Structure formats: structure tokens, C-alpha cells
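Undergrad: So that we are looking at the same thing, I have put the structure below in C-alpha cells.
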Amino acid sequence: MRKTGYVLILLTILITLFGCYDTDMSEAERKDVSFDMDGVKPLDVSIEFGIGKLDIDSETEKLAEASFAWNNEALKPEYSLEKSDEGYFLDLQHVGGETHMKKAYSEWELSLNKEVALDLSIECGVGESNIDLSEANVYALNLNLGVGETYIDLSGSYKNDIYAEINTGIGEVKIKLPGDMGIRVEVDRGLGDIDIDGLYETEDGVYVNDLFKEEGVKKIDIDLSTGIGTVIINSSPQEVSI
């Protein structure tokens, strides 16, 4: 495990127990970065995010653009982009190290290119996450969520099948899915509540819609492990208020 992994675990435990982090960003350091494309090739993104607010969308014409803000040196962003003939690998994480818990908060806004095939992996510590992939060309998603609130929008018109593994932690998670794709969600249920709209249970812990059984239909297959809190899944084609 990298040093950032230890930091994420430590921050999650301490903040869960003591709730002592400060969202004051009036004196925060800030930095904007962008990453250029060298042809349309698959993009593999790995994110380790400790404390704060994380927003992701797919609205840039570049490969990726990011806006960072942090009020503690341990939360300074560290990033790298590797390019090869096969594709791109983008790594985003905090520098890590010692931090004063009374003032540790960060805000990341990340925009990804909607044309490139996307494999997205995220580890979240504590805070709020808004992961909007409704315009992304996503085919694989791996989320390990810590403490806080998370909204995941997978309601787009996708040209390929999607596999997602989502492990929730403590808090509320809302997942929006399309109504015009085959959907399967297999739930390994923890101590929290789960509310699923638009799917029905076919066997213990497995939920699908009618389209999942049809040939030639693009599908979303989700392995979901829930923790403590509430998970809300909506797979209806109508707009819902989240």
C-alpha cells in the first residue's frame, strides 16, 4: 500500500471518531492543471482522495482538466500522466504526511474527455463526492467509498457494456442508472438500508430489469457492497430529484 493509502485510512478513522475537520477554504492554496490528448485512446484514471469535496464530470475537450484547492500541506495534490501506444494512465492523489486535523480540507474538480474509453478507479476518505459519468465513455468503474455523501450518475446513453464495483462505507450513496439499458445489481448487504427503484429481485441479493435478459442490449453490471448508511438506486427513465 502506498503512503497515501495509510493516510486515507488514518484520516477516515480519526474524522469518524472526532468529526474535527474545518471546511474553511478562505486561505486555501489553489492550482489548475490540464492534460493534452495525443490521439483518442483509452484512459485509465486512478484517484485517491482523502478529505473534502470531489466533483467529476466529462465536459472538457482536452484529455482531462483539474482544479485543486487545499488548506493543509498534507492534502496538496500530486499527479502524473503516462502515455503509451495503448492509452493514457492518469494518477491523482494527495501528497500525504502529517496533518493538523483541525484544518484539513480539499476541493477537487476533475473534468474528463467524453470521447475516450474510460476506466475509473476512486478511493474516497471523508467528505462529499459528485461523480457525473452521464456523458462519459465509461466501461469500467471501481469505487471504494469512505465516510460521507456520494452521488453517482450513470444515466447516459452508452455505446458499450459497463462493469462497476462499488464498495460503500458510512453515509448516503445515490446511484442513478439509465432506463434503456440492461441492468444487473448484485448486493452484498451490510448494516444499512437500500432502496432500489426500477429493478426487481430475481434471487437473493440480485436485482435486474427486463432489458437485462434481452440479446443485443447494452448492459450495466454492478457488484455493490454496502456498509453503514443508506444506498438509493434509481433506474427509471424519468428525471428524478437527487
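Chains: A, B, ... in order of the C-alpha cells. Residues: from 1 per chain. Ligands: from 1, in order shown.
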Could you write out, as number ranges by chain, all the residues of stretch 34-67 of chain A that DSSP marks as strand (DSSP E or B)?

TA: A: 34-35, 43-60, 64-67

Undergrad: Name the residues in contact with A:Asn209 at a cut-off of 9 Å, using only C-alpha atoms, excluding same-chain residues fewer than 3 positions from it; report them as a list in words.

TA: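 Here the answer would be Gly179, Met181, Gly182, Ile183, Arg184, Gly198, Leu199, Tyr200, Glu201, Phe212, Lys213 and Ser235 of chain A.
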
Undergrad: Keeping only N, CA and C atoms, take the residues you just selected and write them out as an mmCIF file, in the first residue's frame.

TA:
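In the end it all went to again_1.cif:
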data_model
loop_
_atom_site.group_PDB
_atom_site.id
_atom_site.type_symbol
_atom_site.label_atom_id
_atom_site.label_comp_id
_atom_site.auth_asym_id
_atom_site.auth_seq_id
_atom_site.Cartn_x
_atom_site.Cartn_y
_atom_site.Cartn_z
ATOM 1 N N GLY A 179 -32.695 3.980 -17.932
ATOM 2 C CA GLY A 179 -33.840 3.091 -18.057
ATOM 3 C C GLY A 179 -33.869 2.344 -19.367
ATOM 4 N N MET A 181 -31.120 0.541 -20.734
ATOM 5 C CA MET A 181 -30.061 -0.462 -20.810
ATOM 6 C C MET A 181 -30.406 -1.631 -19.902
ATOM 7 N N GLY A 182 -29.801 -2.778 -20.159
ATOM 8 C CA GLY A 182 -29.974 -3.893 -19.250
ATOM 9 C C GLY A 182 -29.185 -3.633 -17.963
ATOM 10 N N ILE A 183 -29.845 -3.819 -16.843
ATOM 11 C CA ILE A 183 -29.226 -3.508 -15.542
ATOM 12 C C ILE A 183 -29.233 -4.749 -14.659
ATOM 13 N N ARG A 184 -28.083 -5.027 -14.050
ATOM 14 C CA ARG A 184 -27.986 -6.064 -13.023
ATOM 15 C C ARG A 184 -27.170 -5.515 -11.864
ATOM 16 N N GLY A 198 -37.031 0.550 -9.963
ATOM 17 C CA GLY A 198 -36.883 0.230 -11.368
ATOM 18 C C GLY A 198 -36.278 -1.136 -11.633
ATOM 19 N N LEU A 199 -35.896 -1.860 -10.592
ATOM 20 C CA LEU A 199 -35.351 -3.209 -10.708
ATOM 21 C C LEU A 199 -36.152 -4.145 -9.810
ATOM 22 N N TYR A 200 -36.062 -5.435 -10.119
ATOM 23 C CA TYR A 200 -36.738 -6.408 -9.265
ATOM 24 C C TYR A 200 -35.755 -7.524 -8.900
ATOM 25 N N GLU A 201 -36.021 -8.152 -7.779
ATOM 26 C CA GLU A 201 -35.110 -9.165 -7.255
ATOM 27 C C GLU A 201 -35.400 -10.515 -7.890
ATOM 28 N N PHE A 212 -32.242 -6.616 -19.158
ATOM 29 C CA PHE A 212 -31.015 -7.376 -18.913
ATOM 30 C C PHE A 212 -31.083 -8.763 -19.554
ATOM 31 N N LYS A 213 -32.273 -9.285 -19.757
ATOM 32 C CA LYS A 213 -32.439 -10.621 -20.329
ATOM 33 C C LYS A 213 -32.412 -10.613 -21.859
ATOM 34 N N SER A 235 -33.395 3.432 -11.405
ATOM 35 C CA SER A 235 -33.160 3.007 -12.783
ATOM 36 C C SER A 235 -34.327 3.351 -13.686
#

Undergrad: Closest to A:Val187 among A:Asp38, A:Glu27, A:Glu165, A:Glu115, using only C-alpha atoms?

TA: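 Ranked by minimum distance to A:Val187, first place goes to A:Glu165.
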
Undergrad: Kindly give the distance, in Å, that separates atom CA of A:Tyr151 and atom CA of A:Glu61, rounded to a single decimal.

TA: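 Atom-to-atom, atom CA of A:Tyr151 and atom CA of A:Glu61 are spaced 23.7 Å apart.
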
Undergrad: Let me make sure I understand: among A:Gly96, A:Gly146, A:Gly227, A:Pro77, which one has the smallest atom-to-atom distance to A:Ile122 if we use only C-alpha atoms?

TA: A:Gly146

Undergrad: Could you please determine the separation between atom CA of A:Phe68 and atom CA of A:Val45 in Å, to one decimal place?

TA: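 Pair atom CA of A:Phe68 / atom CA of A:Val45 returns 16.3 Å.
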